[in-house]
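J.: Just one file: protein-v7.txt, with compact mmCIF, C-alpha atoms and all ligand atoms.
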```txt
# COMPACT_ATOMS: atom_id res chain seq x y z
CA PHE A 1 -30.34 -25.28 14.49
CA TYR A 2 -27.84 -22.99 12.93
CA THR A 3 -27.32 -23.91 9.32
CA GLU A 4 -24.73 -21.27 8.81
CA GLU A 5 -22.03 -20.09 11.08
CA GLN A 6 -22.56 -16.53 12.13
CA THR A 7 -19.73 -14.35 10.98
CA GLU A 8 -19.03 -10.73 11.52
CA ASP A 9 -18.19 -9.18 8.23
CA TYR A 10 -15.44 -6.65 8.04
CA LEU A 11 -14.45 -5.51 4.57
CA PHE A 12 -11.95 -2.69 4.38
CA LYS A 13 -11.08 -0.96 1.13
CA ILE A 14 -7.39 -0.09 1.02
CA VAL A 15 -5.73 1.78 -1.83
CA LEU A 16 -2.15 1.65 -3.09
CA ILE A 17 -0.85 4.98 -4.34
CA GLY A 18 2.50 6.46 -5.29
CA ASP A 19 4.52 7.13 -8.41
CA SER A 20 4.88 4.69 -11.26
CA ALA A 21 7.35 1.81 -10.74
CA VAL A 22 7.80 2.22 -6.97
CA GLY A 23 6.59 -1.36 -6.53
CA LYS A 24 2.89 -1.03 -5.68
CA SER A 25 1.79 -3.99 -7.82
CA ASN A 26 4.62 -6.15 -6.53
CA LEU A 27 3.82 -5.34 -2.89
CA LEU A 28 0.30 -6.59 -3.54
CA ALA A 29 1.53 -9.63 -5.50
CA ARG A 30 3.92 -10.51 -2.67
CA PHE A 31 1.30 -10.04 0.02
CA ALA A 32 -1.63 -11.74 -1.69
CA ARG A 33 0.09 -14.47 -3.70
CA ASP A 34 3.70 -14.54 -2.50
CA GLU A 35 4.83 -13.72 -6.03
CA PHE A 36 7.32 -11.26 -7.46
CA TYR A 37 7.75 -9.99 -11.01
CA PRO A 38 11.33 -8.88 -11.77
CA ASN A 39 10.37 -7.00 -14.92
CA SER A 40 6.79 -6.12 -14.28
CA LYS A 41 4.92 -3.73 -16.46
CA SER A 42 1.76 -1.92 -15.47
CA THR A 43 -0.25 -4.69 -17.14
CA ILE A 44 0.01 -6.94 -14.08
CA GLY A 45 -2.18 -4.50 -12.18
CA VAL A 46 -5.51 -5.97 -11.19
CA GLU A 47 -8.40 -3.85 -10.06
CA PHE A 48 -8.36 -5.19 -6.54
CA GLN A 49 -7.52 -8.29 -4.58
CA THR A 50 -9.28 -9.43 -1.45
CA GLN A 51 -7.14 -10.85 1.31
CA LYS A 52 -8.24 -12.37 4.60
CA ILE A 53 -6.38 -11.14 7.64
CA ASP A 54 -6.70 -12.43 11.17
CA ILE A 55 -7.00 -9.70 13.79
CA LYS A 56 -7.37 -10.83 17.39
CA GLY A 57 -9.06 -14.04 16.25
CA LYS A 58 -11.50 -12.18 13.99
CA GLU A 59 -11.40 -12.57 10.25
CA VAL A 60 -11.09 -9.27 8.47
CA LYS A 61 -11.15 -8.90 4.71
CA ALA A 62 -8.92 -6.32 3.11
CA GLN A 63 -9.95 -5.32 -0.38
CA ILE A 64 -6.70 -3.92 -1.72
CA TRP A 65 -6.89 -1.72 -4.82
CA ASP A 66 -4.05 -1.37 -7.26
CA THR A 67 -3.82 1.06 -10.13
CA ALA A 68 -3.58 -0.21 -13.70
CA GLY A 69 -0.70 2.16 -14.36
CA GLN A 70 -2.82 5.29 -14.73
CA GLU A 71 -0.66 7.09 -12.13
CA ARG A 72 1.86 7.56 -14.94
CA PHE A 73 -0.58 10.03 -16.49
CA ARG A 74 -1.58 11.54 -13.14
CA ALA A 75 -5.03 10.23 -13.87
CA VAL A 76 -5.99 8.27 -10.78
CA THR A 77 -9.66 9.07 -10.52
CA SER A 78 -11.95 9.80 -7.62
CA ALA A 79 -13.62 6.38 -8.13
CA TYR A 80 -10.35 4.74 -7.11
CA TYR A 81 -10.41 6.50 -3.74
CA ARG A 82 -14.13 6.25 -3.06
CA GLY A 83 -14.91 4.35 0.12
CA ALA A 84 -11.27 3.77 1.03
CA VAL A 85 -10.56 3.48 4.75
CA GLY A 86 -6.86 2.71 4.41
CA ALA A 87 -3.97 3.69 2.15
CA LEU A 88 -0.40 2.66 1.49
CA VAL A 89 1.47 5.63 0.06
CA VAL A 90 4.54 4.15 -1.55
CA TYR A 91 7.88 5.55 -2.70
CA ASP A 92 11.08 3.91 -3.87
CA VAL A 93 14.02 4.43 -1.47
CA SER A 94 16.37 4.32 -4.48
CA ARG A 95 14.64 7.20 -6.32
CA ARG A 96 14.35 10.48 -4.45
CA GLN A 97 11.93 11.88 -6.99
CA THR A 98 9.32 9.35 -5.85
CA PHE A 99 9.79 10.53 -2.24
CA ASP A 100 9.36 14.15 -3.36
CA SER A 101 5.98 13.18 -4.87
CA ILE A 102 4.55 11.96 -1.57
CA GLY A 103 3.04 15.35 -0.70
CA ARG A 104 1.11 15.39 -3.93
CA TRP A 105 -0.25 11.88 -3.29
CA LEU A 106 -1.29 12.82 0.24
CA ASN A 107 -3.10 15.87 -1.13
CA GLU A 108 -4.93 13.79 -3.66
CA LEU A 109 -5.87 11.23 -1.02
CA GLN A 110 -7.27 13.98 1.17
CA THR A 111 -9.15 15.57 -1.71
CA TYR A 112 -10.85 12.45 -3.02
CA SER A 113 -11.40 10.24 -0.01
CA ASP A 114 -14.56 10.77 1.95
CA MET A 115 -13.20 10.13 5.42
CA ASN A 116 -10.06 10.01 7.50
CA VAL A 117 -8.03 7.31 5.85
CA VAL A 118 -5.59 5.27 7.94
CA THR A 119 -2.36 5.85 6.04
CA ILE A 120 1.07 4.28 6.11
CA LEU A 121 4.07 5.73 4.33
CA VAL A 122 5.96 2.87 2.69
CA GLY A 123 9.59 3.12 1.55
CA ASN A 124 9.88 0.16 -0.80
CA LYS A 125 12.97 -1.54 -2.34
CA SER A 126 14.91 -1.57 0.94
CA ASP A 127 16.94 -4.40 -0.62
CA LEU A 128 18.67 -1.91 -2.95
CA LYS A 129 21.20 -0.93 -0.29
CA ASP A 130 23.87 0.51 -2.59
CA ALA A 131 21.40 2.55 -4.63
CA ARG A 132 19.58 4.15 -1.68
CA GLU A 133 18.76 7.85 -2.12
CA VAL A 134 16.31 8.33 0.78
CA THR A 135 17.42 7.51 4.32
CA THR A 136 15.22 5.75 6.85
CA ALA A 137 15.42 8.85 9.05
CA GLU A 138 14.00 11.04 6.25
CA GLY A 139 11.09 8.65 5.74
CA LYS A 140 10.38 8.51 9.47
CA SER A 141 10.52 12.25 9.83
CA LEU A 142 8.08 12.88 6.97
CA ALA A 143 5.70 10.30 8.40
CA GLU A 144 5.88 11.91 11.83
CA ALA A 145 5.24 15.37 10.41
CA GLN A 146 2.21 14.12 8.50
CA GLY A 147 0.88 11.85 11.26
CA LEU A 148 1.33 8.65 9.29
CA PHE A 149 2.57 5.19 10.12
CA PHE A 150 5.92 4.37 8.54
CA ILE A 151 7.65 1.23 7.31
CA GLU A 152 10.33 0.22 4.87
CA THR A 153 9.66 -2.85 2.74
CA SER A 154 11.05 -5.02 0.02
CA ALA A 155 8.66 -6.80 -2.30
CA LEU A 156 11.73 -8.58 -3.66
CA ASP A 157 12.96 -10.18 -0.41
CA SER A 158 9.53 -9.97 1.31
CA SER A 159 10.72 -7.97 4.29
CA ASN A 160 7.95 -6.10 6.12
CA VAL A 161 5.43 -6.56 3.29
CA ALA A 162 2.81 -8.32 5.39
CA ALA A 163 3.52 -5.95 8.28
CA ALA A 164 2.77 -2.93 6.08
CA PHE A 165 -0.70 -4.17 5.19
CA GLN A 166 -1.38 -5.56 8.67
CA THR A 167 -0.50 -2.27 10.36
CA VAL A 168 -3.19 -0.50 8.35
CA VAL A 169 -5.82 -3.20 8.78
CA LYS A 170 -5.21 -3.48 12.55
CA GLU A 171 -5.56 0.26 13.02
CA ILE A 172 -8.78 0.42 10.98
CA TYR A 173 -10.13 -2.48 13.01
CA ASN A 174 -9.23 -0.73 16.27
CA ILE A 175 -10.97 2.45 15.18
CA LEU A 176 -14.13 0.75 13.95
CA SER A 177 -14.61 -1.90 16.64
P1 LIG B 1 4.22 -0.02 -9.69
O1 LIG B 1 4.25 0.72 -10.99
O2 LIG B 1 4.31 0.92 -8.53
O3 LIG B 1 3.07 -0.96 -9.58
O4 LIG B 1 5.59 -0.88 -9.62
P2 LIG B 1 5.81 -2.43 -9.98
O5 LIG B 1 5.29 -3.30 -8.88
O6 LIG B 1 5.31 -2.70 -11.35
O7 LIG B 1 7.41 -2.51 -9.92
C1 LIG B 1 8.22 -1.72 -10.78
C2 LIG B 1 9.59 -2.36 -10.91
O8 LIG B 1 10.26 -2.38 -9.66
C3 LIG B 1 9.53 -3.83 -11.38
O9 LIG B 1 10.60 -4.08 -12.27
C4 LIG B 1 9.71 -4.62 -10.10
O10 LIG B 1 10.29 -5.86 -10.32
C5 LIG B 1 10.61 -3.70 -9.29
N1 LIG B 1 10.40 -3.84 -7.84
C6 LIG B 1 9.24 -3.79 -7.16
N2 LIG B 1 9.42 -3.93 -5.85
C7 LIG B 1 10.75 -4.09 -5.67
C8 LIG B 1 11.59 -4.27 -4.51
O11 LIG B 1 11.15 -4.33 -3.36
N3 LIG B 1 12.95 -4.36 -4.74
C9 LIG B 1 13.48 -4.31 -5.99
N4 LIG B 1 14.81 -4.42 -6.10
N5 LIG B 1 12.73 -4.13 -7.09
C10 LIG B 1 11.38 -4.02 -6.94
MG MG B 2 1.47 -1.21 -10.86
```
Give the structure from the file, written as structure tokens.

T.:
Amino acid sequence: FYTEEQTEDYLFKIVLIGDSAVGKSNLLARFARDEFYPNSKSTIGVEFQTQKIDIKGKEVKAQIWDTAGQERFRAVTSAYYRGAVGALVVYDVSRRQTFDSIGRWLNELQTYSDMNVVTILVGNKSDLKDAREVTTAEGKSLAEAQGLFFIETSALDSSNVAAAFQTVVKEIYNILS
């Protein structure tokens, strides 16, 4: 008799990186709890949140890490990246400066992570149509040049949030299985 169901365990560590206030914590809050914080401060950051995702009938667990606001001081440490197999590198489409920082975040990811990390470039706050400073074409072109997946999201209106995380998890699953 089987007393326990046999399960294949997949646990993928995924990190959220990008400048302060681009919406990293809210992307995670929207994805994991379907919540949004209009005036969030860095204090809502949790260390990580584990989310079950169904891939081709298999249950995969994504352990998604969020910063506690330390990116403001450029002090995201190597421990944050250790063991990561996926990354969402996030900018704010309404603040060009956050898009200009992407290269630095990609460098840091490459420096501190111990393997090839499946990475998606995420242009968040797509709902801010009138305030947009970075076009979709610019985002796409940077992603292509760097060999990254690309998506635009809104944690506010939920668009593409699940797809952003699922893209990364699916690709990791495909590589590892
Ligand atoms: P983090 O510092 O990258 O974790 O950013 P937060 O998640 O704390 O978000 C910073 C601010 O941007 C907060 O006031 C959020 O309410 C706001 N915000 C986050 N995502 C979105 C979004 O998709 N659209 C809009 N309009 N605001 C957002
Ligand atoms: Mg945060």

J.: Excluding Lys52 in chain A and its own-chain neighbours fewer than 2 positions away, which residues fall within 9 Å of it when counting all atoms listed in the file? Please give them as a CSV table (one decimal) with C-alpha atoms, in the coordinates of the input.

T.:
```
chain,number,residue,atom,x,y,z
A,50,THR,CA,-9.3,-9.4,-1.4
A,54,ASP,CA,-6.7,-12.4,11.2
A,59,GLU,CA,-11.4,-12.6,10.2
A,60,VAL,CA,-11.1,-9.3,8.5
A,61,LYS,CA,-11.2,-8.9,4.7
A,62,ALA,CA,-8.9,-6.3,3.1
A,63,GLN,CA,-10.0,-5.3,-0.4
```

J.: Quick one: residues within 6 Å of range 130-144 of chain A, only C-alpha atoms counted, chain neighbours fewer than 4 positions away excluded, as a list in words?

T.: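 Once the adjacent positions are removed, what remains is Val93, Ser94, Arg95, Arg96, Leu148 and Phe150 of chain A.
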
J.: Need to verify the contact set: Asn107 in chain A, 12 Å, all atoms listed in the file, exclusion of same-chain residues closer than 6 positions in sequence. Can you return it as a list in words?

T.: Ile17, Gly18, Val89, Ser101, Ser113 and Gln146 of chain A

J.: Compare A:Met115, A:Ile14, A:Val22, A:Leu121 by their minimum atom-to-atom distance to ligand LIG 1 (chain B), counting only C-alpha atoms and all ligand atoms, and give me the closest one.

T.: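 The closest residue to ligand LIG 1 (chain B) is A:Val22.
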
J.: Name the closest residue to ligand LIG 1 (chain B) among the candidates A:Gln51, A:Ser126, A:Thr167, A:Asn174; distances are taken between atoms, counting all atoms listed in the file.

T.: A:Ser126

J.: To one decimal place in Å, what is the distance between atom O8 of ligand LIG 1 (chain B) and CA of Ser20 in chain A?

T.: 9.0 Å

J.: Can you list, as an MDAnalysis selection string, every protein, DNA or RNA residue that comes within 6 Å of Tyr91 in chain A when you count only C-alpha atoms, leaving out same-chain residues fewer than 2 positions away?

T.: chainID A and resid 22 98:99 123

J.: Find the nearest atom pair between each residue of chain A and ligand MG 2 (chain B) for residues within 12 Å, count all atoms listed in the file, give distances in Å to one decimal, sort rows by chain and ascending number, and present the table as JSON lines.

T.:
```
{"residue": "A:Val15", "atom": "CA", "partner": "B:MG2", "partner_atom": "MG", "distance": 11.9}
{"residue": "A:Leu16", "atom": "CA", "partner": "B:MG2", "partner_atom": "MG", "distance": 9.0}
{"residue": "A:Ile17", "atom": "CA", "partner": "B:MG2", "partner_atom": "MG", "distance": 9.3}
{"residue": "A:Gly18", "atom": "CA", "partner": "B:MG2", "partner_atom": "MG", "distance": 9.5}
{"residue": "A:Asp19", "atom": "CA", "partner": "B:MG2", "partner_atom": "MG", "distance": 9.2}
{"residue": "A:Ser20", "atom": "CA", "partner": "B:MG2", "partner_atom": "MG", "distance": 6.8}
{"residue": "A:Ala21", "atom": "CA", "partner": "B:MG2", "partner_atom": "MG", "distance": 6.6}
{"residue": "A:Val22", "atom": "CA", "partner": "B:MG2", "partner_atom": "MG", "distance": 8.2}
{"residue": "A:Gly23", "atom": "CA", "partner": "B:MG2", "partner_atom": "MG", "distance": 6.7}
{"residue": "A:Lys24", "atom": "CA", "partner": "B:MG2", "partner_atom": "MG", "distance": 5.4}
{"residue": "A:Ser25", "atom": "CA", "partner": "B:MG2", "partner_atom": "MG", "distance": 4.1}
{"residue": "A:Asn26", "atom": "CA", "partner": "B:MG2", "partner_atom": "MG", "distance": 7.3}
{"residue": "A:Leu27", "atom": "CA", "partner": "B:MG2", "partner_atom": "MG", "distance": 9.3}
{"residue": "A:Leu28", "atom": "CA", "partner": "B:MG2", "partner_atom": "MG", "distance": 9.2}
{"residue": "A:Ala29", "atom": "CA", "partner": "B:MG2", "partner_atom": "MG", "distance": 10.0}
{"residue": "A:Tyr37", "atom": "CA", "partner": "B:MG2", "partner_atom": "MG", "distance": 10.8}
{"residue": "A:Asn39", "atom": "CA", "partner": "B:MG2", "partner_atom": "MG", "distance": 11.4}
{"residue": "A:Ser40", "atom": "CA", "partner": "B:MG2", "partner_atom": "MG", "distance": 8.0}
{"residue": "A:Lys41", "atom": "CA", "partner": "B:MG2", "partner_atom": "MG", "distance": 7.0}
{"residue": "A:Ser42", "atom": "CA", "partner": "B:MG2", "partner_atom": "MG", "distance": 4.7}
{"residue": "A:Thr43", "atom": "CA", "partner": "B:MG2", "partner_atom": "MG", "distance": 7.4}
{"residue": "A:Ile44", "atom": "CA", "partner": "B:MG2", "partner_atom": "MG", "distance": 6.7}
{"residue": "A:Gly45", "atom": "CA", "partner": "B:MG2", "partner_atom": "MG", "distance": 5.1}
{"residue": "A:Val46", "atom": "CA", "partner": "B:MG2", "partner_atom": "MG", "distance": 8.5}
{"residue": "A:Glu47", "atom": "CA", "partner": "B:MG2", "partner_atom": "MG", "distance": 10.2}
{"residue": "A:Phe48", "atom": "CA", "partner": "B:MG2", "partner_atom": "MG", "distance": 11.5}
{"residue": "A:Trp65", "atom": "CA", "partner": "B:MG2", "partner_atom": "MG", "distance": 10.3}
{"residue": "A:Asp66", "atom": "CA", "partner": "B:MG2", "partner_atom": "MG", "distance": 6.6}
{"residue": "A:Thr67", "atom": "CA", "partner": "B:MG2", "partner_atom": "MG", "distance": 5.8}
{"residue": "A:Ala68", "atom": "CA", "partner": "B:MG2", "partner_atom": "MG", "distance": 5.9}
{"residue": "A:Gly69", "atom": "CA", "partner": "B:MG2", "partner_atom": "MG", "distance": 5.3}
{"residue": "A:Gln70", "atom": "CA", "partner": "B:MG2", "partner_atom": "MG", "distance": 8.7}
{"residue": "A:Glu71", "atom": "CA", "partner": "B:MG2", "partner_atom": "MG", "distance": 8.7}
{"residue": "A:Arg72", "atom": "CA", "partner": "B:MG2", "partner_atom": "MG", "distance": 9.7}
{"residue": "A:Val90", "atom": "CA", "partner": "B:MG2", "partner_atom": "MG", "distance": 11.2}
```

J.: Please measure the separation of atom C4 of ligand LIG 1 (chain B) and CA of Ser154 in chain A, giving the value in Å to one decimal.

T.: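 Between atom C4 of ligand LIG 1 (chain B) and CA of Ser154 in chain A the gap is 10.2 Å.
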
J.: Using all atoms of ligand LIG 1 (chain B) listed in the file and a margin of 4 Å per side, can you give the axis-aligned box centre and edge lengths in Å to one decimal, as AutoDock Vina command-line options?

T.:
```
--center_x 8.9 --center_y -2.5 --center_z -7.8 --size_x 19.7 --size_y 14.8 --size_z 16.9
```

J.: Which one is closest to ligand LIG 1 (chain B): A:Lys170, A:Lys125, A:Arg104, A:Lys58? Count all atoms listed in the file.

T.: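 Checking each of A:Lys170, A:Lys125, A:Arg104, A:Lys58 against ligand LIG 1 (chain B), counting all atoms listed in the file, the winner is A:Lys125.
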
J.: Find, counting all atoms listed in the file, the residue in A:Ala162, A:Ile120, A:Leu106, A:Ala155 that gets nearest to ligand LIG 1 (chain B).

T.: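 Looking only at the distances to ligand LIG 1 (chain B), the closest residue turns out to be A:Ala155.
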
J.: What gap, in Å, lies between CA of Arg74 in chain A and atom O7 of ligand LIG 1 (chain B)?

T.: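 One can read the CA of Arg74 in chain A to atom O7 of ligand LIG 1 (chain B) distance as 17.0 Å.
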
J.: Of the candidates A:Phe149, A:Phe36, A:Tyr173, A:Phe12, which one gets nearest to ligand LIG 1 (chain B) if we count only C-alpha atoms and all ligand atoms?

T.: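 Smallest separation from ligand LIG 1 (chain B) among the options: A:Phe36.
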
J.: From the set A:Asp100, A:Thr119, A:Tyr112, A:Tyr10, which residue has the shortest atom-to-atom contact distance to Ile55 in chain A, counting all atoms listed in the file?

T.: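 Going through A:Asp100, A:Thr119, A:Tyr112, A:Tyr10 one by one, the smallest distance to Ile55 in chain A is for A:Tyr10.
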